[in-house]
Amino acid sequence: MSLSRQVQLADDLGFLLSRAGGLVAGQVNRALAPVDLKVRPYSVLVLACEKAEGVNQRSVAATLGLDPSQIVALIDDLERRGLVERVADAADRRNKLIVATDAGRELLEQAHRLVDDVHERLFGGLPEGVVNSLKEALRAVVLNE
């Protein structure tokens with residue numbers, strides 16, 4: 001069976017997104033090494049800092065596309081380091097919220113600068129409109145916005 005058109009991997013959107021994601025994650029992991037973080041714990045810390053009242057583990061798992069059991073280990077590590085704490089949810093005492101500590105917020109500021117440097121290296125040469133359109137399109141796919 002012959003293909004009616006020439007298929008090229010460089011035209012496959014899934015391949016390009018996967019390679020771009022791997023490239024970004026690898027470079028961000030290396031950049032975050034001095035503050036002893038990687039992409040996943042950094043992402044959990046970002047989510048914990050987004051809301052003063054904290055975020056629940058289920059929403060962290062859903063946002064990151066991870067199994068809840070994977071989130072527990074990430075939060076345990078961040079909690080051991082004094083970067084987040086688990087607190088009872090005032091709306092539902094059975095539920096625990098993940099709240100960033102002052103140390104967690106300070107570390108996030110450092111980490112965010114490192115991540116911004118990686119993003120600037122990778123995407124800084126693209127026109128701002130292209131970067132904004134890319135973010136908008138990816139949010140629509142990933143976050144159903």
# chains A, B, ... in the order shown; residues from 1 in each chain; ligands from 1

$ select_by_dssp --residues "chain A" --states "helix (DSSP H, G or I)" --output "VMD selection string"
chain A and resid 9 to 11 13 to 35 39 to 50 57 to 64 68 to 80 102 to 123 128 to 142

$ select_by_dssp --residues "stretch 39-141 of chain A" --states "strand (DSSP E or B)" --output "list in words"
Val55, Asn56, Val84, Glu85, Arg86, Val87, Ala88, Asp89, Asp92, Arg93, Arg94, Asn95, Lys96, Leu97, Ile98, Val99 and Ala100 of chain A

$ write_last_selection --atoms "N, CA, C and O atoms" --output "compact mmCIF listing (two decimals), in the first residue's frame"
# COMPACT_ATOMS: atom_id res chain seq x y z
N VAL A 55 -4.54 24.55 47.72
CA VAL A 55 -5.14 23.78 46.64
C VAL A 55 -5.24 22.33 47.10
O VAL A 55 -4.39 21.86 47.84
N ASN A 56 -6.31 21.64 46.69
CA ASN A 56 -6.44 20.25 47.14
C ASN A 56 -5.66 19.31 46.21
O ASN A 56 -5.41 19.61 45.06
N VAL A 84 5.81 23.42 51.72
CA VAL A 84 4.35 23.40 51.76
C VAL A 84 3.93 22.73 53.06
O VAL A 84 4.72 22.05 53.72
N GLU A 85 2.66 22.91 53.39
CA GLU A 85 2.08 22.18 54.51
C GLU A 85 0.66 21.78 54.15
O GLU A 85 0.02 22.41 53.31
N ARG A 86 0.23 20.70 54.77
CA ARG A 86 -1.14 20.24 54.59
C ARG A 86 -1.98 20.82 55.72
O ARG A 86 -1.61 20.71 56.89
N VAL A 87 -3.10 21.44 55.35
CA VAL A 87 -4.00 22.01 56.35
C VAL A 87 -5.42 21.52 56.06
O VAL A 87 -5.76 21.22 54.91
N ALA A 88 -6.23 21.45 57.09
CA ALA A 88 -7.61 21.03 56.92
C ALA A 88 -8.38 22.08 56.12
O ALA A 88 -8.21 23.28 56.33
N ASP A 89 -9.19 21.61 55.21
CA ASP A 89 -10.05 22.48 54.40
C ASP A 89 -11.22 22.94 55.27
O ASP A 89 -11.96 22.12 55.82
N ASP A 92 -14.48 21.51 54.17
CA ASP A 92 -14.65 20.05 54.31
C ASP A 92 -13.46 19.52 55.08
O ASP A 92 -12.39 19.27 54.50
N ARG A 93 -13.63 19.32 56.38
CA ARG A 93 -12.53 18.92 57.26
C ARG A 93 -11.89 17.60 56.86
O ARG A 93 -10.79 17.29 57.27
N ARG A 94 -12.58 16.79 56.05
CA ARG A 94 -12.00 15.52 55.60
C ARG A 94 -10.95 15.74 54.52
O ARG A 94 -10.14 14.87 54.24
N ASN A 95 -10.97 16.91 53.93
CA ASN A 95 -10.09 17.23 52.81
C ASN A 95 -8.89 18.04 53.31
O ASN A 95 -9.04 18.90 54.17
N LYS A 96 -7.73 17.76 52.77
CA LYS A 96 -6.52 18.52 53.09
C LYS A 96 -6.17 19.45 51.93
O LYS A 96 -6.25 19.05 50.77
N LEU A 97 -5.78 20.66 52.27
CA LEU A 97 -5.31 21.62 51.28
C LEU A 97 -3.79 21.71 51.37
O LEU A 97 -3.22 21.60 52.46
N ILE A 98 -3.17 21.93 50.24
CA ILE A 98 -1.73 22.11 50.19
C ILE A 98 -1.48 23.62 50.12
O ILE A 98 -1.92 24.29 49.19
N VAL A 99 -0.78 24.14 51.14
CA VAL A 99 -0.53 25.57 51.25
C VAL A 99 0.98 25.80 51.25
O VAL A 99 1.72 25.11 51.96
N ALA A 100 1.42 26.76 50.47
CA ALA A 100 2.84 27.10 50.44
C ALA A 100 3.22 27.83 51.73
O ALA A 100 2.46 28.66 52.24

$ residues_around --residues "stretch 5-21 of chain A" --least-positions-apart "4" --cutoff "12 Å" --atoms "only C-alpha atoms" --output "ChimeraX atom specification"
/A:25-29,39,119,122-123,134,137-138,141-142

$ residues_around --residues "A:Gly65" --least-positions-apart "3" --cutoff "12 Å" --atoms "only C-alpha atoms" --output "list in words"
Arg40, Ser43, Val44, Gln57, Arg58, Ser59, Val60, Ala61, Ala62, Pro68, Ser69, Gln70, Ile71, Val142 and Leu143 of chain A

$ atom_distance --atom1 "atom CA of A:Gly125" --atom2 "atom CA of A:Leu37"
26.6 Å

$ closest_residue --among "A:Leu126, A:Val24, A:Leu45, A:Val118" --to "A:Asp76" --atoms "only C-alpha atoms"
A:Leu45

$ atom_distance --atom1 "atom CA of A:Ala111" --atom2 "atom CA of A:Ala31"
8.4 Å

$ closest_residue --among "A:Leu32, A:Leu64, A:Leu23, A:Val130" --to "A:Val115" --atoms "only C-alpha atoms"
A:Leu32

$ residues_around --residues "A:Ala103" --least-positions-apart "2" --cutoff "9 Å" --atoms "only C-alpha atoms" --output "MDAnalysis selection string"
chainID A and resid 82:84 100:101 105:108

$ write_last_selection --atoms "N, CA and C atoms" --output "short mmCIF file (atom, residue, chain, number, x, y, z; two decimals), in the first residue's frame"
data_model
loop_
_atom_site.label_atom_id
_atom_site.label_comp_id
_atom_site.auth_asym_id
_atom_site.auth_seq_id
_atom_site.Cartn_x
_atom_site.Cartn_y
_atom_site.Cartn_z
N GLY A 82 9.85 21.74 54.11
CA GLY A 82 9.28 22.95 54.70
C GLY A 82 8.76 23.95 53.68
N LEU A 83 8.46 23.49 52.47
CA LEU A 83 8.02 24.39 51.39
C LEU A 83 6.50 24.47 51.29
N VAL A 84 5.81 23.42 51.72
CA VAL A 84 4.35 23.40 51.76
C VAL A 84 3.93 22.73 53.06
N ALA A 100 1.42 26.76 50.47
CA ALA A 100 2.84 27.10 50.44
C ALA A 100 3.22 27.83 51.73
N THR A 101 4.40 27.52 52.23
CA THR A 101 4.95 28.24 53.38
C THR A 101 5.70 29.47 52.87
N ARG A 105 7.32 30.03 49.15
CA ARG A 105 7.11 31.20 48.28
C ARG A 105 8.45 31.84 47.89
N GLU A 106 9.38 31.90 48.83
CA GLU A 106 10.69 32.47 48.53
C GLU A 106 11.43 31.60 47.51
N LEU A 107 11.39 30.28 47.71
CA LEU A 107 12.07 29.38 46.78
C LEU A 107 11.43 29.47 45.39
N LEU A 108 10.11 29.60 45.36
CA LEU A 108 9.43 29.70 44.08
C LEU A 108 9.89 30.94 43.31
#

$ closest_residue --among "A:Glu109, A:Thr63, A:Asp116, A:Leu74" --to "A:Asn144" --atoms "only C-alpha atoms"
A:Thr63

$ decode --residues "stretch 71-110 of chain A" --atoms "N, CA and C atoms" --output "CSV table (one decimal), in the first residue's frame"
chain,number,residue,atom,x,y,z
A,71,ILE,N,1.1,12.3,43.3
A,71,ILE,CA,1.1,13.6,43.9
A,71,ILE,C,1.4,13.5,45.4
A,72,VAL,N,1.0,12.5,46.0
A,72,VAL,CA,1.3,12.3,47.5
A,72,VAL,C,2.8,12.4,47.7
A,73,ALA,N,3.5,11.6,46.9
A,73,ALA,CA,5.0,11.6,47.1
A,73,ALA,C,5.6,13.0,46.8
A,74,LEU,N,5.1,13.7,45.8
A,74,LEU,CA,5.7,15.0,45.5
A,74,LEU,C,5.4,15.9,46.7
A,75,ILE,N,4.2,15.9,47.2
A,75,ILE,CA,3.8,16.8,48.3
A,75,ILE,C,4.6,16.4,49.6
A,76,ASP,N,4.7,15.1,49.8
A,76,ASP,CA,5.5,14.6,51.0
A,76,ASP,C,6.9,15.2,51.0
A,77,ASP,N,7.5,15.2,49.8
A,77,ASP,CA,8.9,15.7,49.7
A,77,ASP,C,8.9,17.2,49.9
A,78,LEU,N,8.0,17.9,49.3
A,78,LEU,CA,7.9,19.4,49.5
A,78,LEU,C,7.6,19.7,51.0
A,79,GLU,N,6.8,18.9,51.6
A,79,GLU,CA,6.5,19.2,53.0
A,79,GLU,C,7.7,18.9,53.9
A,80,ARG,N,8.4,17.8,53.7
A,80,ARG,CA,9.6,17.5,54.4
A,80,ARG,C,10.6,18.7,54.3
A,81,ARG,N,10.7,19.3,53.2
A,81,ARG,CA,11.6,20.5,53.0
A,81,ARG,C,11.0,21.8,53.6
A,82,GLY,N,9.8,21.7,54.1
A,82,GLY,CA,9.3,22.9,54.7
A,82,GLY,C,8.8,24.0,53.7
A,83,LEU,N,8.5,23.5,52.5
A,83,LEU,CA,8.0,24.4,51.4
A,83,LEU,C,6.5,24.5,51.3
A,84,VAL,N,5.8,23.4,51.7
A,84,VAL,CA,4.4,23.4,51.8
A,84,VAL,C,3.9,22.7,53.1
A,85,GLU,N,2.7,22.9,53.4
A,85,GLU,CA,2.1,22.2,54.5
A,85,GLU,C,0.7,21.8,54.1
A,86,ARG,N,0.2,20.7,54.8
A,86,ARG,CA,-1.1,20.2,54.6
A,86,ARG,C,-2.0,20.8,55.7
A,87,VAL,N,-3.1,21.4,55.3
A,87,VAL,CA,-4.0,22.0,56.3
A,87,VAL,C,-5.4,21.5,56.1
A,88,ALA,N,-6.2,21.5,57.1
A,88,ALA,CA,-7.6,21.0,56.9
A,88,ALA,C,-8.4,22.1,56.1
A,89,ASP,N,-9.2,21.6,55.2
A,89,ASP,CA,-10.0,22.5,54.4
A,89,ASP,C,-11.2,22.9,55.3
A,90,ALA,N,-11.4,24.2,55.4
A,90,ALA,CA,-12.5,24.8,56.3
A,90,ALA,C,-13.8,24.4,55.7
A,91,ALA,N,-13.9,24.2,54.4
A,91,ALA,CA,-15.2,23.8,53.8
A,91,ALA,C,-15.5,22.3,54.0
A,92,ASP,N,-14.5,21.5,54.2
A,92,ASP,CA,-14.6,20.1,54.3
A,92,ASP,C,-13.5,19.5,55.1
A,93,ARG,N,-13.6,19.3,56.4
A,93,ARG,CA,-12.5,18.9,57.3
A,93,ARG,C,-11.9,17.6,56.9
A,94,ARG,N,-12.6,16.8,56.1
A,94,ARG,CA,-12.0,15.5,55.6
A,94,ARG,C,-11.0,15.7,54.5
A,95,ASN,N,-11.0,16.9,53.9
A,95,ASN,CA,-10.1,17.2,52.8
A,95,ASN,C,-8.9,18.0,53.3
A,96,LYS,N,-7.7,17.8,52.8
A,96,LYS,CA,-6.5,18.5,53.1
A,96,LYS,C,-6.2,19.4,51.9
A,97,LEU,N,-5.8,20.7,52.3
A,97,LEU,CA,-5.3,21.6,51.3
A,97,LEU,C,-3.8,21.7,51.4
A,98,ILE,N,-3.2,21.9,50.2
A,98,ILE,CA,-1.7,22.1,50.2
A,98,ILE,C,-1.5,23.6,50.1
A,99,VAL,N,-0.8,24.1,51.1
A,99,VAL,CA,-0.5,25.6,51.3
A,99,VAL,C,1.0,25.8,51.2
A,100,ALA,N,1.4,26.8,50.5
A,100,ALA,CA,2.8,27.1,50.4
A,100,ALA,C,3.2,27.8,51.7
A,101,THR,N,4.4,27.5,52.2
A,101,THR,CA,4.9,28.2,53.4
A,101,THR,C,5.7,29.5,52.9
A,102,ASP,N,6.1,30.3,53.8
A,102,ASP,CA,6.9,31.5,53.4
A,102,ASP,C,8.2,31.0,52.7
A,103,ALA,N,8.8,29.9,53.2
A,103,ALA,CA,10.0,29.4,52.5
A,103,ALA,C,9.7,28.9,51.1
A,104,GLY,N,8.5,28.3,51.0
A,104,GLY,CA,8.1,27.8,49.7
A,104,GLY,C,7.9,29.0,48.7
A,105,ARG,N,7.3,30.0,49.2
A,105,ARG,CA,7.1,31.2,48.3
A,105,ARG,C,8.4,31.8,47.9
A,106,GLU,N,9.4,31.9,48.8
A,106,GLU,CA,10.7,32.5,48.5
A,106,GLU,C,11.4,31.6,47.5
A,107,LEU,N,11.4,30.3,47.7
A,107,LEU,CA,12.1,29.4,46.8
A,107,LEU,C,11.4,29.5,45.4
A,108,LEU,N,10.1,29.6,45.4
A,108,LEU,CA,9.4,29.7,44.1
A,108,LEU,C,9.9,30.9,43.3
A,109,GLU,N,10.1,32.0,44.0
A,109,GLU,CA,10.6,33.2,43.3
A,109,GLU,C,11.9,33.0,42.6
A,110,GLN,N,12.9,32.3,43.3
A,110,GLN,CA,14.2,31.9,42.7
A,110,GLN,C,14.0,31.0,41.5
